[in-house]
file target.txt (compact mmCIF, C-alpha atoms and all ligand atoms)
# COMPACT_ATOMS: atom_id res chain seq x y z
CA MET E 1 19.51 5.69 92.93
CA PRO E 2 16.15 4.00 93.45
CA ALA E 3 15.87 0.37 92.43
CA ARG E 4 13.56 -0.23 89.46
CA ALA E 5 12.24 -3.43 87.94
CA GLY E 6 15.03 -4.99 85.87
CA ARG E 7 17.58 -2.53 87.20
CA PRO E 8 19.85 -3.41 90.15
CA SER E 9 19.96 -1.19 93.21
CA ALA E 10 23.06 0.96 93.48
CA ALA E 11 24.21 -1.23 96.40
CA ALA E 12 23.90 -4.42 94.33
CA ALA E 13 25.74 -2.80 91.43
CA LEU E 14 28.56 -1.65 93.71
CA ASP E 15 28.84 -5.15 95.18
CA GLU E 16 29.18 -6.58 91.68
CA VAL E 17 31.85 -4.02 90.72
CA ARG E 18 33.79 -4.95 93.86
CA ARG E 19 33.45 -8.63 92.92
CA VAL E 20 34.96 -7.87 89.51
CA TYR E 21 37.90 -6.12 91.22
CA ARG E 22 38.37 -9.07 93.58
CA ASP E 23 38.31 -11.51 90.67
CA LEU E 24 40.93 -9.39 88.92
CA ASP E 25 43.12 -9.49 92.03
CA ALA E 26 42.88 -13.27 92.00
CA ARG E 27 44.30 -13.49 88.46
CA PRO E 28 47.82 -14.88 88.22
CA VAL E 29 49.08 -11.87 86.26
CA GLU E 30 52.39 -10.73 87.74
CA ARG E 31 53.00 -6.98 88.02
CA HIS E 32 55.17 -5.04 90.43
CA CYS E 33 53.80 -1.57 91.03
CA GLU E 34 56.35 0.65 92.80
CA LEU E 35 53.85 3.48 93.32
CA ARG E 36 55.73 5.78 90.97
CA THR E 37 52.29 7.22 90.03
CA GLN E 38 53.44 8.02 86.50
CA CYS E 39 50.28 6.37 85.22
CA CYS E 40 48.24 8.88 87.28
CA HIS E 41 49.65 11.83 85.30
CA PHE E 42 47.32 11.90 82.34
CA LYS E 43 49.04 14.83 80.69
CA LEU E 44 52.34 12.93 80.69
CA THR E 45 50.95 9.58 79.56
CA GLY E 46 48.47 11.07 77.10
CA LYS E 47 45.94 8.56 78.43
CA THR E 48 42.93 9.08 80.68
CA PRO E 49 41.16 6.07 82.20
CA HIS E 50 37.60 5.49 81.02
CA LEU E 51 35.05 4.31 83.58
CA THR E 52 31.80 2.45 83.25
CA ARG E 53 28.96 3.74 85.38
CA GLY E 54 29.36 1.19 88.18
CA GLU E 55 33.05 2.04 88.51
CA ALA E 56 32.24 5.76 88.55
CA LEU E 57 29.56 5.26 91.18
CA LEU E 58 31.98 3.35 93.42
CA ALA E 59 34.74 5.93 92.94
CA ALA E 60 32.34 8.82 93.66
CA ARG E 61 31.18 7.13 96.89
CA ALA E 62 34.80 6.63 97.94
CA LEU E 63 35.62 10.26 97.23
CA LYS E 64 32.59 11.45 99.21
CA ALA E 65 33.77 9.28 102.09
CA THR E 66 36.90 11.47 102.25
CA GLY E 67 34.62 14.46 102.93
CA ARG E 68 34.89 15.95 99.43
CA LYS E 69 31.87 17.01 97.43
CA SER E 70 33.56 17.63 94.11
CA LEU E 71 36.58 16.52 92.16
CA PRO E 72 39.70 18.43 93.18
CA SER E 73 41.32 20.47 90.44
CA ARG E 74 44.81 19.46 89.31
CA PRO E 75 46.26 22.13 87.02
CA ASN E 76 49.32 19.98 86.32
CA GLY E 77 47.27 17.50 84.31
CA ALA E 78 47.39 14.78 86.98
CA CYS E 79 44.39 12.68 87.92
CA PRO E 80 42.09 14.74 90.17
CA LEU E 81 42.23 11.85 92.66
CA LEU E 82 46.01 11.98 93.06
CA ASP E 83 46.76 13.69 96.35
CA PRO E 84 49.50 16.29 95.68
CA GLN E 85 50.54 16.21 99.36
CA ASN E 86 51.67 12.59 99.37
CA SER E 87 51.32 11.40 95.75
CA ARG E 88 48.80 8.75 96.78
CA CYS E 89 45.44 7.89 95.30
CA LEU E 90 42.59 9.32 97.38
CA ILE E 91 40.41 6.29 96.62
CA TYR E 92 43.02 3.55 96.22
CA GLU E 93 40.86 0.67 97.51
CA ASP E 94 38.09 1.63 95.09
CA ARG E 95 40.22 2.81 92.17
CA PRO E 96 38.78 2.04 88.73
CA PHE E 97 39.49 -1.03 86.64
CA GLY E 98 41.81 0.85 84.27
CA CYS E 99 44.02 1.87 87.20
CA ARG E 100 44.22 -1.80 88.21
CA THR E 101 45.23 -3.05 84.77
CA HIS E 102 47.32 -0.27 83.26
CA PHE E 103 50.86 -0.52 84.64
CA CYS E 104 53.88 1.46 83.51
CA ALA E 105 56.77 -0.31 81.78
CA ALA E 106 58.78 -0.40 85.03
CA ALA E 107 55.96 -2.33 86.71
CA GLY E 108 55.64 -4.81 83.87
CA GLY E 109 53.36 -2.98 81.43
CA PRO E 110 49.60 -2.97 81.01
CA TYR E 111 47.51 -6.13 81.04
CA ALA E 112 46.57 -7.41 77.61
CA ARG E 113 42.89 -6.84 76.89
CA ARG E 114 42.41 -10.55 76.22
CA GLU E 115 43.58 -11.34 79.77
CA VAL E 116 40.71 -9.41 81.30
CA ILE E 117 38.09 -9.21 78.57
CA ASP E 118 35.60 -11.28 80.59
CA LEU E 119 35.85 -8.80 83.47
CA ILE E 120 35.45 -5.86 81.09
CA ARG E 121 32.27 -7.45 79.77
CA ARG E 122 30.92 -7.77 83.32
CA LEU E 123 31.58 -4.07 83.96
CA GLU E 124 29.86 -3.23 80.68
CA GLU E 125 26.85 -5.31 81.74
CA ILE E 126 26.63 -3.41 85.03
CA ASP E 127 26.89 -0.15 83.09
CA GLU E 128 23.99 -1.18 80.90
CA GLN E 129 21.89 -2.29 83.88
CA LEU E 130 22.48 1.08 85.54
CA GLY E 131 21.36 2.92 82.42
CA GLY E 132 24.88 4.07 81.56
CA ASP E 133 25.93 4.84 78.03
CA GLY E 134 29.35 3.22 78.00
CA PRO E 135 32.73 4.20 79.42
CA ARG E 136 33.47 7.90 79.97
CA THR E 137 36.67 9.69 80.92
CA LEU E 138 37.45 9.53 84.64
CA PRO E 139 36.72 13.22 85.43
CA ALA E 140 33.42 13.26 83.52
CA ALA E 141 32.30 9.86 84.80
CA ILE E 142 32.97 10.58 88.47
CA SER E 143 31.70 14.18 88.38
CA SER E 144 28.35 13.01 87.12
CA GLU E 145 27.96 10.66 90.11
CA LEU E 146 28.88 13.22 92.79
S1 LIG E 201 42.07 7.01 90.38
FE1 LIG E 201 43.88 6.79 91.68
S2 LIG E 201 45.11 5.14 90.76
FE2 LIG E 201 43.65 5.88 89.20
S3 LIG E 201 44.74 7.44 88.01
FE3 LIG E 201 43.62 8.50 89.67
S4 LIG E 201 45.08 8.67 91.37
FE4 LIG E 201 45.88 7.12 89.93

call {"tool": "encode", "arguments": {"input": "target.txt", "output": "structure tokens", "more": "lines below"}}
Ligand code: SF4
result
Amino acid sequence: MPARAGRPSAAAALDEVRRVYRDLDARPVERHCELRTQCCHFKLTGKTPHLTRGEALLAARALKATGRKSLPSRPNGACPLLDPQNSRCLIYEDRPFGCRTHFCAAAGGPYARREVIDLIRRLEEIDEQLGGDGPRTLPAAISSEL
């Protein structure tokens, strides 16, 4: 995406999204993910993560880096980024904010919104700067950046 006056370059936006993720990691919120990947099965949980544009851009770049040009299809209702061969996230290092804050009960449960509201606001600001129109479901958000 070309840089325009008042709008950050894609690289600057991605850097800022990564900073938000790093700041989240630095929070003293204790969770113990056991990689059960239940939270990655949208059909089971009834919940699909919503991504702001910066998150979607980062996730799309990470997916392209795996050599894929489109979102894999998962007829079982799992996240398209969940690898059925090994039950691992294809873009784990660049997974969206919702995947970093929504934990299953066994892992300690999801973060309270108030614990991370400042970081959500920063992602919303990046979304606005990139000309996004607010959070979209993971498949729609990432597909539109591929
Ligand atoms: S992006 Fe990765 S961590 Fe998030 S739901 Fe999909 S497979 Fe799970």

call {"tool": "closest_atom_pairs", "arguments": {"input": "target.txt", "of": "chain E", "to": "ligand LIG 201 (chain E)", "cutoff": "7 Å", "atoms": "all atoms listed in the file", "output": "JSON lines"}}
result
{"residue": "E:Thr37", "atom": "CA", "partner": "E:LIG201", "partner_atom": "FE4", "distance": 6.4}
{"residue": "E:Cys39", "atom": "CA", "partner": "E:LIG201", "partner_atom": "S3", "distance": 6.3}
{"residue": "E:Cys40", "atom": "CA", "partner": "E:LIG201", "partner_atom": "S3", "distance": 3.9}
{"residue": "E:Pro49", "atom": "CA", "partner": "E:LIG201", "partner_atom": "S3", "distance": 7.0}
{"residue": "E:Cys79", "atom": "CA", "partner": "E:LIG201", "partner_atom": "FE3", "distance": 4.6}
{"residue": "E:Pro80", "atom": "CA", "partner": "E:LIG201", "partner_atom": "FE3", "distance": 6.4}
{"residue": "E:Leu81", "atom": "CA", "partner": "E:LIG201", "partner_atom": "S4", "distance": 4.5}
{"residue": "E:Leu82", "atom": "CA", "partner": "E:LIG201", "partner_atom": "S4", "distance": 3.8}
{"residue": "E:Arg88", "atom": "CA", "partner": "E:LIG201", "partner_atom": "S4", "distance": 6.6}
{"residue": "E:Cys89", "atom": "CA", "partner": "E:LIG201", "partner_atom": "S4", "distance": 4.0}
{"residue": "E:Leu90", "atom": "CA", "partner": "E:LIG201", "partner_atom": "FE1", "distance": 6.4}
{"residue": "E:Ile91", "atom": "CA", "partner": "E:LIG201", "partner_atom": "FE1", "distance": 6.1}
{"residue": "E:Tyr92", "atom": "CA", "partner": "E:LIG201", "partner_atom": "FE1", "distance": 5.6}
{"residue": "E:Arg95", "atom": "CA", "partner": "E:LIG201", "partner_atom": "S1", "distance": 4.9}
{"residue": "E:Pro96", "atom": "CA", "partner": "E:LIG201", "partner_atom": "S1", "distance": 6.2}
{"residue": "E:Cys99", "atom": "CA", "partner": "E:LIG201", "partner_atom": "FE2", "distance": 4.5}

call {"tool": "residues_near_point", "arguments": {"input": "target.txt", "point": "(22.4, -1.7, 83.3)", "cutoff": "10 Å", "atoms": "only C-alpha atoms", "output": "list in words"}}
result
Gly6, Arg7, Pro8, Ala13, Arg53, Gly54, Leu123, Glu124, Glu125, Ile126, Asp127, Glu128, Gln129, Leu130, Gly131, Gly132 and Asp133 of chain E

call {"tool": "closest_residue", "arguments": {"input": "target.txt", "among": "E:Leu35, E:Ala112, E:Ile142, E:Ala26", "to": "Ala59 (chain E)", "atoms": "all atoms listed in the file"}}
result
E:Ile142

call {"tool": "axis_aligned_box", "arguments": {"input": "target.txt", "around": "region 58-67 of chain E", "padding_each_side": "5 Å", "output": "JSON"}}
result
{"center_x": 34.0, "center_y": 8.9, "center_z": 97.9, "size_x": 15.7, "size_y": 21.1, "size_z": 20.0}

call {"tool": "residues_around", "arguments": {"input": "target.txt", "residues": "Leu24 (chain E)", "least_positions_apart": "3", "cutoff": "8 Å", "atoms": "all atoms listed in the file", "output": "count of residues only"}}
result
5

call {"tool": "atom_distance", "arguments": {"input": "target.txt", "atom1": "CA of Pro135 (chain E)", "atom2": "CA of Leu51 (chain E)"}}
result
4.8 Å

call {"tool": "closest_residue", "arguments": {"input": "target.txt", "among": "E:Thr66, E:Gln85, E:Thr52, E:Ser73", "to": "Phe97 (chain E)", "atoms": "only C-alpha atoms"}}
result
E:Thr52

call {"tool": "closest_residue", "arguments": {"input": "target.txt", "among": "E:Lys43, E:Glu55, E:Ser87, E:Thr137", "to": "Ile120 (chain E)", "atoms": "all atoms listed in the file"}}
result
E:Glu55

call {"tool": "atom_distance", "arguments": {"input": "target.txt", "atom1": "CA of Leu58 (chain E)", "atom2": "CA of Pro110 (chain E)"}}
result
22.5 Å

call {"tool": "atom_distance", "arguments": {"input": "target.txt", "atom1": "CA of Leu138 (chain E)", "atom2": "CA of Leu63 (chain E)"}}
result
12.7 Å

call {"tool": "closest_residue", "arguments": {"input": "target.txt", "among": "E:Asn86, E:Thr45, E:Gln38, E:Ser144", "to": "Ala107 (chain E)", "atoms": "only C-alpha atoms"}}
result
E:Gln38

call {"tool": "closest_residue", "arguments": {"input": "target.txt", "among": "E:Arg61, E:His32, E:Arg121, E:His41", "to": "Leu146 (chain E)", "atoms": "all atoms listed in the file"}}
result
E:Arg61

call {"tool": "closest_residue", "arguments": {"input": "target.txt", "among": "E:Lys64, E:Arg22, E:Gly77, E:Gly98", "to": "Tyr111 (chain E)", "atoms": "only C-alpha atoms"}}
result
E:Gly98

call {"tool": "build_atoms", "arguments": {"input": "target.txt", "residues": "region 47-58 of chain E", "atoms": "N, CA and C atoms", "output": "mmCIF file, in the frame of the given file"}}
result
data_model
loop_
_atom_site.group_PDB
_atom_site.id
_atom_site.type_symbol
_atom_site.label_atom_id
_atom_site.label_comp_id
_atom_site.auth_asym_id
_atom_site.auth_seq_id
_atom_site.Cartn_x
_atom_site.Cartn_y
_atom_site.Cartn_z
ATOM 1 N N LYS E 47 47.073 9.484 78.307
ATOM 2 C CA LYS E 47 45.940 8.560 78.430
ATOM 3 C C LYS E 47 45.140 8.868 79.681
ATOM 4 N N THR E 48 43.833 8.874 79.543
ATOM 5 C CA THR E 48 42.930 9.080 80.680
ATOM 6 C C THR E 48 42.073 7.833 80.826
ATOM 7 N N PRO E 49 42.017 7.265 82.037
ATOM 8 C CA PRO E 49 41.160 6.070 82.200
ATOM 9 C C PRO E 49 39.706 6.373 81.861
ATOM 10 N N HIS E 50 39.026 5.382 81.302
ATOM 11 C CA HIS E 50 37.600 5.490 81.020
ATOM 12 C C HIS E 50 36.862 4.565 81.985
ATOM 13 N N LEU E 51 35.774 5.058 82.556
ATOM 14 C CA LEU E 51 35.050 4.310 83.580
ATOM 15 C C LEU E 51 33.631 3.995 83.123
ATOM 16 N N THR E 52 33.207 2.785 83.412
ATOM 17 C CA THR E 52 31.800 2.450 83.250
ATOM 18 C C THR E 52 31.038 3.060 84.435
ATOM 19 N N ARG E 53 29.736 3.039 84.358
ATOM 20 C CA ARG E 53 28.960 3.740 85.380
ATOM 21 C C ARG E 53 29.128 3.135 86.774
ATOM 22 N N GLY E 54 29.177 1.817 86.868
ATOM 23 C CA GLY E 54 29.360 1.190 88.180
ATOM 24 C C GLY E 54 30.688 1.590 88.810
ATOM 25 N N GLU E 55 31.731 1.631 87.998
ATOM 26 C CA GLU E 55 33.050 2.040 88.510
ATOM 27 C C GLU E 55 32.997 3.490 88.994
ATOM 28 N N ALA E 56 32.320 4.330 88.204
ATOM 29 C CA ALA E 56 32.240 5.760 88.550
ATOM 30 C C ALA E 56 31.452 5.951 89.841
ATOM 31 N N LEU E 57 30.382 5.173 89.981
ATOM 32 C CA LEU E 57 29.560 5.260 91.180
ATOM 33 C C LEU E 57 30.385 4.884 92.414
ATOM 34 N N LEU E 58 31.144 3.810 92.303
ATOM 35 C CA LEU E 58 31.980 3.350 93.420
ATOM 36 C C LEU E 58 33.053 4.400 93.751
#
